[in-house]
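So this one's query.cif, mmCIF, C-alpha atoms and all ligand atoms:
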data_structure
loop_
_atom_site.group_PDB
_atom_site.id
_atom_site.type_symbol
_atom_site.label_atom_id
_atom_site.label_comp_id
_atom_site.auth_asym_id
_atom_site.auth_seq_id
_atom_site.Cartn_x
_atom_site.Cartn_y
_atom_site.Cartn_z
ATOM 1 C CA MET A 1 22.654 -29.498 -28.025
ATOM 2 C CA LYS A 2 23.369 -30.523 -24.458
ATOM 3 C CA ARG A 3 26.251 -28.570 -23.003
ATOM 4 C CA GLU A 4 28.695 -30.565 -20.914
ATOM 5 C CA SER A 5 29.284 -28.843 -17.575
ATOM 6 C CA ALA A 6 32.280 -29.287 -15.291
ATOM 7 C CA CYS A 7 30.103 -31.381 -13.043
ATOM 8 C CA ASP A 8 29.097 -33.628 -15.927
ATOM 9 C CA ARG A 9 32.724 -34.146 -16.768
ATOM 10 C CA SER A 10 33.681 -35.112 -13.230
ATOM 11 C CA LEU A 11 30.709 -37.467 -13.163
ATOM 12 C CA THR A 12 32.043 -39.185 -16.261
ATOM 13 C CA VAL A 13 35.535 -39.434 -14.798
ATOM 14 C CA ALA A 14 34.176 -40.872 -11.581
ATOM 15 C CA ALA A 15 31.972 -43.364 -13.384
ATOM 16 C CA ARG A 16 34.810 -44.601 -15.564
ATOM 17 C CA LYS A 17 37.190 -44.996 -12.663
ATOM 18 C CA PRO A 18 38.167 -48.677 -12.731
ATOM 19 C CA THR A 19 37.361 -50.500 -9.556
ATOM 20 C CA GLU A 20 38.761 -53.846 -8.527
ATOM 21 C CA PRO A 21 36.201 -56.581 -8.112
ATOM 22 C CA ARG A 22 35.685 -57.330 -4.415
ATOM 23 C CA ALA A 23 34.425 -60.518 -2.947
ATOM 24 C CA SER A 24 32.652 -59.341 0.197
ATOM 25 C CA ALA A 25 29.471 -57.273 0.363
ATOM 26 C CA SER A 26 31.007 -54.854 2.847
ATOM 27 C CA GLY A 27 33.946 -54.316 0.497
ATOM 28 C CA LEU A 28 31.516 -53.510 -2.300
ATOM 29 C CA LEU A 29 29.690 -51.100 -0.034
ATOM 30 C CA ALA A 30 32.939 -49.380 0.930
ATOM 31 C CA THR A 31 33.874 -48.967 -2.747
ATOM 32 C CA LEU A 32 30.428 -47.648 -3.543
ATOM 33 C CA LEU A 33 30.604 -45.127 -0.715
ATOM 34 C CA ALA A 34 34.080 -44.056 -1.738
ATOM 35 C CA THR A 35 32.993 -43.609 -5.355
ATOM 36 C CA LEU A 36 29.904 -41.720 -4.265
ATOM 37 C CA SER A 37 31.841 -39.318 -2.047
ATOM 38 C CA PHE A 38 34.386 -38.875 -4.813
ATOM 39 C CA ILE A 39 31.565 -37.934 -7.200
ATOM 40 C CA MET A 40 30.059 -35.568 -4.660
ATOM 41 C CA LEU A 41 33.359 -33.915 -3.864
ATOM 42 C CA ALA A 42 34.483 -33.776 -7.477
ATOM 43 C CA GLY A 43 32.517 -30.584 -8.174
ATOM 44 C CA CYS A 44 33.955 -28.714 -5.212
ATOM 45 C CA GLY A 45 36.570 -26.064 -5.813
ATOM 46 C CA VAL A 46 36.117 -26.209 -9.583
ATOM 47 C CA THR A 47 35.284 -22.921 -11.186
ATOM 48 C CA THR A 48 33.437 -22.865 -14.471
ATOM 49 C CA SER A 49 31.723 -20.413 -16.733
ATOM 50 C CA GLN A 50 28.975 -22.970 -17.332
ATOM 51 C CA PRO A 51 25.643 -22.477 -15.544
ATOM 52 C CA PRO A 52 25.148 -24.752 -12.523
ATOM 53 C CA VAL A 53 23.172 -27.943 -12.933
ATOM 54 C CA GLU A 54 19.549 -27.395 -11.924
ATOM 55 C CA VAL A 55 17.418 -30.374 -11.024
ATOM 56 C CA PHE A 56 14.363 -28.116 -10.736
ATOM 57 C CA SER A 57 14.643 -24.809 -12.550
ATOM 58 C CA ASP A 58 15.530 -21.853 -10.302
ATOM 59 C CA MET A 59 12.829 -19.258 -9.584
ATOM 60 C CA ARG A 60 15.126 -16.524 -10.826
ATOM 61 C CA ARG A 61 14.608 -17.932 -14.317
ATOM 62 C CA GLN A 62 10.994 -17.173 -15.204
ATOM 63 C CA PRO A 63 9.149 -16.650 -18.443
ATOM 64 C CA LYS A 64 8.728 -12.880 -18.472
ATOM 65 C CA TYR A 65 9.307 -9.792 -20.533
ATOM 66 C CA LYS A 66 12.173 -7.438 -19.776
ATOM 67 C CA ALA A 67 11.320 -3.714 -19.816
ATOM 68 C CA LEU A 68 11.317 -2.262 -23.336
ATOM 69 C CA GLY A 69 11.832 -5.708 -24.899
ATOM 70 C CA ALA A 70 10.086 -6.970 -28.032
ATOM 71 C CA SER A 71 6.914 -9.026 -28.015
ATOM 72 C CA PRO A 72 5.005 -10.536 -30.914
ATOM 73 C CA PHE A 73 1.914 -10.618 -28.663
ATOM 74 C CA PHE A 74 1.073 -6.918 -28.989
ATOM 75 C CA SER A 75 0.331 -5.355 -32.356
ATOM 76 C CA ASP A 76 2.989 -2.659 -31.899
ATOM 77 C CA GLY A 77 5.642 -5.329 -31.198
ATOM 78 C CA ARG A 78 6.577 -3.832 -27.818
ATOM 79 C CA ALA A 79 6.488 -5.758 -24.532
ATOM 80 C CA SER A 80 6.118 -2.550 -22.465
ATOM 81 C CA ARG A 81 2.652 -1.052 -22.655
ATOM 82 C CA PRO A 82 2.377 2.720 -23.069
ATOM 83 C CA PRO A 83 0.931 4.363 -19.923
ATOM 84 C CA VAL A 84 -2.783 5.121 -19.919
ATOM 85 C CA PRO A 85 -3.402 8.768 -20.956
ATOM 86 C CA GLY A 86 -3.347 10.989 -17.872
ATOM 87 C CA THR A 87 -0.996 8.703 -15.912
ATOM 88 C CA VAL A 88 0.977 10.564 -13.233
ATOM 89 C CA ALA A 89 4.379 9.359 -12.043
ATOM 90 C CA ALA A 90 4.318 8.227 -8.405
ATOM 91 C CA GLY A 91 5.031 11.131 -6.065
ATOM 92 C CA ARG A 92 4.728 13.710 -8.846
ATOM 93 C CA LEU A 93 2.103 16.250 -7.875
ATOM 94 C CA VAL A 94 0.296 17.732 -10.828
ATOM 95 C CA GLY A 95 -2.386 20.321 -11.038
ATOM 96 C CA ASP A 96 -3.274 22.823 -8.372
ATOM 97 C CA GLU A 97 -0.928 22.497 -5.380
ATOM 98 C CA THR A 98 -3.252 24.428 -3.081
ATOM 99 C CA PHE A 99 -6.148 22.165 -4.012
ATOM 100 C CA GLU A 100 -3.994 19.066 -3.413
ATOM 101 C CA THR A 101 -2.459 20.150 -0.078
ATOM 102 C CA GLY A 102 -4.799 22.708 1.483
ATOM 103 C CA VAL A 103 -1.827 25.077 1.799
ATOM 104 C CA ALA A 104 -1.334 28.356 -0.107
ATOM 105 C CA GLY A 105 2.146 29.772 0.295
ATOM 106 C CA LYS A 106 2.855 28.907 3.939
ATOM 107 C CA MET A 107 -0.725 29.247 5.179
ATOM 108 C CA TYR A 108 -3.608 26.794 5.391
ATOM 109 C CA VAL A 109 -6.373 27.959 3.090
ATOM 110 C CA GLY A 110 -9.313 29.383 4.979
ATOM 111 C CA ARG A 111 -12.262 28.032 3.085
ATOM 112 C CA ASN A 112 -13.172 24.949 1.095
ATOM 113 C CA PRO A 113 -12.488 25.745 -2.594
ATOM 114 C CA LEU A 114 -15.429 23.588 -3.743
ATOM 115 C CA PRO A 115 -18.981 24.976 -3.891
ATOM 116 C CA ILE A 116 -20.829 23.566 -0.862
ATOM 117 C CA ASP A 117 -24.066 21.945 -1.990
ATOM 118 C CA ALA A 118 -26.143 18.886 -1.142
ATOM 119 C CA VAL A 119 -24.287 16.716 -3.687
ATOM 120 C CA LEU A 120 -20.897 17.579 -2.153
ATOM 121 C CA LEU A 121 -22.158 16.971 1.391
ATOM 122 C CA ALA A 122 -23.684 13.626 0.405
ATOM 123 C CA ARG A 123 -20.374 12.577 -1.149
ATOM 124 C CA GLY A 124 -18.497 13.838 1.917
ATOM 125 C CA ARG A 125 -20.767 11.907 4.254
ATOM 126 C CA GLU A 126 -20.325 8.709 2.255
ATOM 127 C CA ARG A 127 -16.501 9.080 2.202
ATOM 128 C CA PHE A 128 -16.356 10.116 5.870
ATOM 129 C CA ASP A 129 -18.395 7.067 6.872
ATOM 130 C CA ILE A 130 -16.052 4.833 4.871
ATOM 131 C CA TYR A 131 -12.661 6.307 5.777
ATOM 132 C CA CYS A 132 -12.962 8.344 8.957
ATOM 133 C CA SER A 133 -15.816 6.906 11.015
ATOM 134 C CA ILE A 134 -13.923 3.748 12.043
ATOM 135 C CA CYS A 135 -11.888 5.989 14.342
ATOM 136 C CA HIS A 136 -13.774 9.265 14.643
ATOM 137 C CA ASP A 137 -17.236 7.648 14.727
ATOM 138 C CA ARG A 138 -20.062 8.620 12.373
ATOM 139 C CA ALA A 139 -20.917 11.545 14.611
ATOM 140 C CA GLY A 140 -17.256 12.673 14.684
ATOM 141 C CA ASP A 141 -16.950 12.302 18.463
ATOM 142 C CA GLY A 142 -13.809 10.121 18.255
ATOM 143 C CA LYS A 143 -15.474 7.006 19.697
ATOM 144 C CA GLY A 144 -15.295 4.849 16.569
ATOM 145 C CA ILE A 145 -14.801 1.094 16.604
ATOM 146 C CA VAL A 146 -10.975 1.375 16.590
ATOM 147 C CA PRO A 147 -10.628 3.597 19.695
ATOM 148 C CA VAL A 148 -13.296 1.570 21.496
ATOM 149 C CA ARG A 149 -11.407 -1.682 20.925
ATOM 150 C CA THR A 150 -7.790 -0.480 21.012
ATOM 151 C CA ALA A 151 -5.686 2.189 22.663
ATOM 152 C CA TRP A 152 -5.500 4.146 19.387
ATOM 153 C CA LEU A 153 -7.449 7.204 20.516
ATOM 154 C CA ALA A 154 -8.831 9.518 17.865
ATOM 155 C CA VAL A 155 -9.794 13.111 18.645
ATOM 156 C CA ASN A 156 -13.313 14.380 19.045
ATOM 157 C CA LEU A 157 -13.859 16.503 15.936
ATOM 158 C CA HIS A 158 -16.229 18.706 17.992
ATOM 159 C CA ASP A 159 -13.370 19.845 20.266
ATOM 160 C CA GLU A 160 -12.905 23.606 20.346
ATOM 161 C CA ARG A 161 -9.378 23.231 18.893
ATOM 162 C CA ILE A 162 -10.718 21.375 15.822
ATOM 163 C CA LEU A 163 -13.638 23.822 15.461
ATOM 164 C CA GLN A 164 -11.052 26.613 15.264
ATOM 165 C CA MET A 165 -9.071 24.926 12.457
ATOM 166 C CA THR A 166 -9.445 26.317 8.955
ATOM 167 C CA ASP A 167 -10.822 24.111 6.181
ATOM 168 C CA GLY A 168 -7.287 23.927 4.758
ATOM 169 C CA GLU A 169 -5.861 22.555 7.996
ATOM 170 C CA LEU A 170 -8.564 19.860 8.236
ATOM 171 C CA PHE A 171 -7.837 18.993 4.619
ATOM 172 C CA ASN A 172 -4.105 18.892 5.276
ATOM 173 C CA VAL A 173 -4.546 16.550 8.261
ATOM 174 C CA ALA A 174 -6.726 14.216 6.155
ATOM 175 C CA THR A 175 -4.129 14.410 3.357
ATOM 176 C CA TYR A 176 -0.862 13.887 5.243
ATOM 177 C CA GLY A 177 -1.997 12.624 8.642
ATOM 178 C CA ARG A 178 -0.779 14.098 11.930
ATOM 179 C CA ARG A 179 1.044 12.338 14.788
ATOM 180 C CA THR A 180 -0.873 9.038 15.201
ATOM 181 C CA MET A 181 -3.530 9.994 12.640
ATOM 182 C CA PRO A 182 -2.768 8.212 9.326
ATOM 183 C CA ALA A 183 -2.626 9.920 5.907
ATOM 184 C CA TYR A 184 -5.629 9.401 3.651
ATOM 185 C CA ARG A 185 -4.280 10.814 0.386
ATOM 186 C CA PHE A 186 -3.682 7.345 -1.041
ATOM 187 C CA GLN A 187 -7.230 6.141 -0.437
ATOM 188 C CA THR A 188 -9.081 9.326 -1.385
ATOM 189 C CA SER A 189 -8.897 11.914 -4.148
ATOM 190 C CA ALA A 190 -8.327 15.583 -3.286
ATOM 191 C CA ALA A 191 -11.900 16.411 -4.368
ATOM 192 C CA ASP A 192 -13.234 13.706 -2.041
ATOM 193 C CA ARG A 193 -11.186 15.037 0.879
ATOM 194 C CA TRP A 194 -12.627 18.509 0.314
ATOM 195 C CA ALA A 195 -16.067 16.863 0.332
ATOM 196 C CA ILE A 196 -15.115 15.168 3.636
ATOM 197 C CA VAL A 197 -14.005 18.545 5.060
ATOM 198 C CA ALA A 198 -17.359 20.067 4.058
ATOM 199 C CA TYR A 199 -19.142 17.187 5.790
ATOM 200 C CA VAL A 200 -16.983 17.518 8.936
ATOM 201 C CA ARG A 201 -18.064 21.182 9.024
ATOM 202 C CA ALA A 202 -21.696 20.049 8.741
ATOM 203 C CA LEU A 203 -21.154 17.559 11.602
ATOM 204 C CA GLN A 204 -19.561 20.283 13.717
ATOM 205 C CA ARG A 205 -22.417 22.658 12.946
ATOM 206 C CA ALA A 206 -24.893 19.940 13.957
ATOM 207 C CA GLY A 207 -22.896 19.415 17.161
ATOM 208 C CA GLN A 208 -23.333 23.122 17.995
ATOM 209 C CA GLY A 209 -27.008 23.003 17.094
ATOM 210 C CA ALA A 210 -29.778 24.086 19.437
ATOM 211 C CA ILE A 211 -33.462 23.223 19.265
ATOM 212 C CA GLY A 212 -34.097 26.625 17.685
ATOM 213 C CA ASP A 213 -32.131 25.471 14.583
ATOM 214 C CA VAL A 214 -34.649 22.695 13.906
ATOM 215 C CA PRO A 215 -37.595 23.731 11.692
ATOM 216 C CA SER A 216 -40.729 23.970 13.844
ATOM 217 C CA GLU A 217 -42.661 21.365 11.824
ATOM 218 C CA VAL A 218 -40.102 18.583 12.581
ATOM 219 C CA ARG A 219 -39.141 19.754 16.075
ATOM 220 C CA GLY A 220 -41.390 17.104 17.619
ATOM 221 C CA GLN A 221 -39.282 14.327 16.029
ATOM 222 C CA VAL A 222 -36.061 15.432 17.736
ATOM 223 C CA ARG A 223 -35.143 13.208 20.665
HETATM 224 C C1 LIG B 1 -7.174 4.736 12.042
HETATM 225 C C2 LIG B 1 -7.852 5.707 12.829
HETATM 226 C C3 LIG B 1 -8.169 7.040 12.183
HETATM 227 C C4 LIG B 1 -8.837 7.269 11.018
HETATM 228 C C5 LIG B 1 -9.425 6.260 10.076
HETATM 229 C C6 LIG B 1 -8.927 8.698 10.873
HETATM 230 N N1 LIG B 1 -8.338 9.308 11.929
HETATM 231 FE FE1 LIG B 1 -8.259 11.288 12.277
HETATM 232 N N2 LIG B 1 -7.226 10.954 13.968
HETATM 233 C C7 LIG B 1 -6.879 9.727 14.448
HETATM 234 C C8 LIG B 1 -6.087 9.880 15.655
HETATM 235 C C9 LIG B 1 -5.524 8.747 16.471
HETATM 236 C C10 LIG B 1 -5.978 11.262 15.867
HETATM 237 C C11 LIG B 1 -5.215 11.968 16.982
HETATM 238 C C12 LIG B 1 -3.825 12.243 16.462
HETATM 239 C C13 LIG B 1 -2.906 12.678 17.563
HETATM 240 O O1 LIG B 1 -3.185 13.704 18.177
HETATM 241 O O2 LIG B 1 -1.919 11.972 17.774
HETATM 242 C C14 LIG B 1 -6.702 11.907 14.795
HETATM 243 C C15 LIG B 1 -6.809 13.267 14.657
HETATM 244 C C16 LIG B 1 -7.537 13.897 13.666
HETATM 245 C C17 LIG B 1 -7.706 15.316 13.566
HETATM 246 C C18 LIG B 1 -7.142 16.361 14.525
HETATM 247 C C19 LIG B 1 -5.672 16.576 14.287
HETATM 248 C C20 LIG B 1 -5.067 17.387 15.418
HETATM 249 O O3 LIG B 1 -4.394 18.376 15.124
HETATM 250 O O4 LIG B 1 -5.239 16.995 16.581
HETATM 251 C C21 LIG B 1 -8.480 15.542 12.451
HETATM 252 C C22 LIG B 1 -8.939 16.881 11.935
HETATM 253 C C23 LIG B 1 -8.788 14.254 11.886
HETATM 254 N N3 LIG B 1 -8.196 13.286 12.637
HETATM 255 C C24 LIG B 1 -9.541 14.079 10.742
HETATM 256 C C25 LIG B 1 -9.749 12.847 10.136
HETATM 257 C C26 LIG B 1 -10.431 12.666 8.886
HETATM 258 C C27 LIG B 1 -11.048 13.781 8.068
HETATM 259 C C28 LIG B 1 -10.414 11.328 8.620
HETATM 260 C C29 LIG B 1 -10.929 10.622 7.385
HETATM 261 C C30 LIG B 1 -10.288 10.990 6.157
HETATM 262 C C31 LIG B 1 -9.719 10.679 9.707
HETATM 263 N N4 LIG B 1 -9.329 11.630 10.602
HETATM 264 C C32 LIG B 1 -9.521 9.322 9.802
HETATM 265 C C33 LIG B 1 -7.197 8.507 13.931
HETATM 266 C C34 LIG B 1 -7.860 8.331 12.748
#

Whole structure given in structure tokens:
Amino acid sequence: MKRESACDRSLTVAARKPTEPRASASGLLATLLATLSFIMLAGCGVTTSQPPVEVFSDMRRQPKYKALGASPFFSDGRASRPPVPGTVAAGRLVGDETFETGVAGKMYVGRNPLPIDAVLLARGRERFDIYCSICHDRAGDGKGIVPVRTAWLAVNLHDERILQMTDGELFNVATYGRRTMPAYRFQTSAADRWAIVAYVRALQRAGQGAIGDVPSEVRGQVR
């Protein structure tokens, strides 16, 4: 059933308004204009509980499910889908807080809690090259593509100050960011950041390396 709105009613009134027949074309035009403005003004100032007339439907009316509504589409009849097992509410830290933050009590943890092996270092290198090297460079010297092209200067990870940091502090910087250094906890998992920390340590060790550290059989290949 079509509901008659206040606007519809005023339209009807305006349309039925008797008009005297006029001889001249300009008279007809004047009447037409008057009728038209009457129609247009008729809706003004009228309050109604009816929804406004929509020529094109408003965007606020969309086919969608409301939270916790019913839906015949899903076999359980619910529009809201149950969260995937293991889902964590945004901002809710679960598990080991020290592992997630690099802080135990009020202190940065000293050493990487993960066992350092070739698999971890390979993972750390891969993640470092993806997430950190754009600023810190693959070698960690802070001359990545971003600092070279902008004024956003990253630190040299071989600086004495960074060498002196504990693993927990490096992890915490990668997790929460520091000053102009962005946080990477949204892009990386805690385990991956510990892998990155292990790889940063390997880079730093390589930076401190001397020719005596290179096995004699491959020493000739070092440039
Ligand atoms: C978008 C550029 C950018 C990326 C990517 C980036 N950093 Fe940084 N980083 C910076 C800048 C800039 C600083 C210097 C911050 C300052 O002192 O204001 C910095 C500083 C640091 C520091 C030293 C903090 C201090 O106390 O001075 C560490 C450690 C560090 N970054 C580690 C990382 C690690 C690990 C990653 C990868 C997860 C990473 N960064 C990715 C820009 C970046």

Considering only C-alpha atoms and all ligand atoms, give me a table of residues in chain A that are at most 6 Å from ligand LIG 1 (chain B), with the closest atom pair and distance in Å for each, as JSON lines.
{"residue": "A:Phe128", "atom": "CA", "partner": "B:LIG1", "partner_atom": "C29", "distance": 5.7}
{"residue": "A:Tyr131", "atom": "CA", "partner": "B:LIG1", "partner_atom": "C29", "distance": 4.9}
{"residue": "A:Cys132", "atom": "CA", "partner": "B:LIG1", "partner_atom": "C29", "distance": 3.4}
{"residue": "A:Ile134", "atom": "CA", "partner": "B:LIG1", "partner_atom": "C5", "distance": 5.5}
{"residue": "A:Cys135", "atom": "CA", "partner": "B:LIG1", "partner_atom": "C2", "distance": 4.3}
{"residue": "A:Trp152", "atom": "CA", "partner": "B:LIG1", "partner_atom": "C9", "distance": 5.4}
{"residue": "A:Leu153", "atom": "CA", "partner": "B:LIG1", "partner_atom": "C9", "distance": 4.7}
{"residue": "A:Ala154", "atom": "CA", "partner": "B:LIG1", "partner_atom": "C8", "distance": 3.5}
{"residue": "A:Val155", "atom": "CA", "partner": "B:LIG1", "partner_atom": "C15", "distance": 5.0}
{"residue": "A:Leu170", "atom": "CA", "partner": "B:LIG1", "partner_atom": "C22", "distance": 4.8}
{"residue": "A:Val173", "atom": "CA", "partner": "B:LIG1", "partner_atom": "C22", "distance": 5.7}
{"residue": "A:Ala174", "atom": "CA", "partner": "B:LIG1", "partner_atom": "C27", "distance": 4.7}
{"residue": "A:Arg178", "atom": "CA", "partner": "B:LIG1", "partner_atom": "C12", "distance": 5.8}
{"residue": "A:Arg179", "atom": "CA", "partner": "B:LIG1", "partner_atom": "O2", "distance": 4.2}
{"residue": "A:Thr180", "atom": "CA", "partner": "B:LIG1", "partner_atom": "O2", "distance": 4.0}
{"residue": "A:Met181", "atom": "CA", "partner": "B:LIG1", "partner_atom": "C7", "distance": 3.8}
{"residue": "A:Tyr184", "atom": "CA", "partner": "B:LIG1", "partner_atom": "C30", "distance": 5.5}

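Atom CA of Ala190 of chain A to atom CA of Thr101 of chain A spans 8.1 Å [interatomic distance, one decimal].
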
- Message: Using Å and a single decimal, report how far atom CA of Gln208 of chain A sits from atom CA of Thr150 of chain A.
- Response: 28.4 Å

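Ranking A:Thr175, A:Ser24, A:Ser49, A:Gln164 by their shortest atom-to-atom distance to Ala191 of chain A, with all atoms listed in the file included, puts A:Thr175 first.
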
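Distance annotation: of A:Val200, A:Ser37, A:Ser71, A:Asp96, the residue with the minimal separation from Asp137 of chain A is A:Val200; atom set is all atoms listed in the file.
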
- Message: Going by the chain IDs and residue numbers used in this file, which residues fall under the PyMOL selection byres (((chain A and resi 100) around 12) and not hetatm)? Write them as a ChimeraX atom specification.
- Response: /A:92-99,101-104,108-109,112-113,168,171-176,185-186,188-194

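Take atom CA of Gln50 of chain A and atom CA of Ala70 of chain A: the distance between them is 27.0 Å.
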
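When only C-alpha atoms are used to measure the gap to Asp167 of chain A, the shortest distance among A:Ala202, A:Ala210, A:Ala90, A:Val53 belongs to A:Ala202.
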
- Selected by the PyMOL selection byres (((chain A and resi 81) around 12) and not hetatm) in the shown coordinates: which residues, as a ChimeraX atom specification? /A:65-71,73-80,82-85

- Task: Show which residues sit within 12 Å of Leu203 of chain A, as an NGL selection string. Count all atoms listed in the file, and ignore same-chain residues fewer than 6 positions away.
- Result: :A and (121 or 124-125 or 128-129 or 133 or 136-141 or 156-159 or 162-163 or 196-197 or 209)
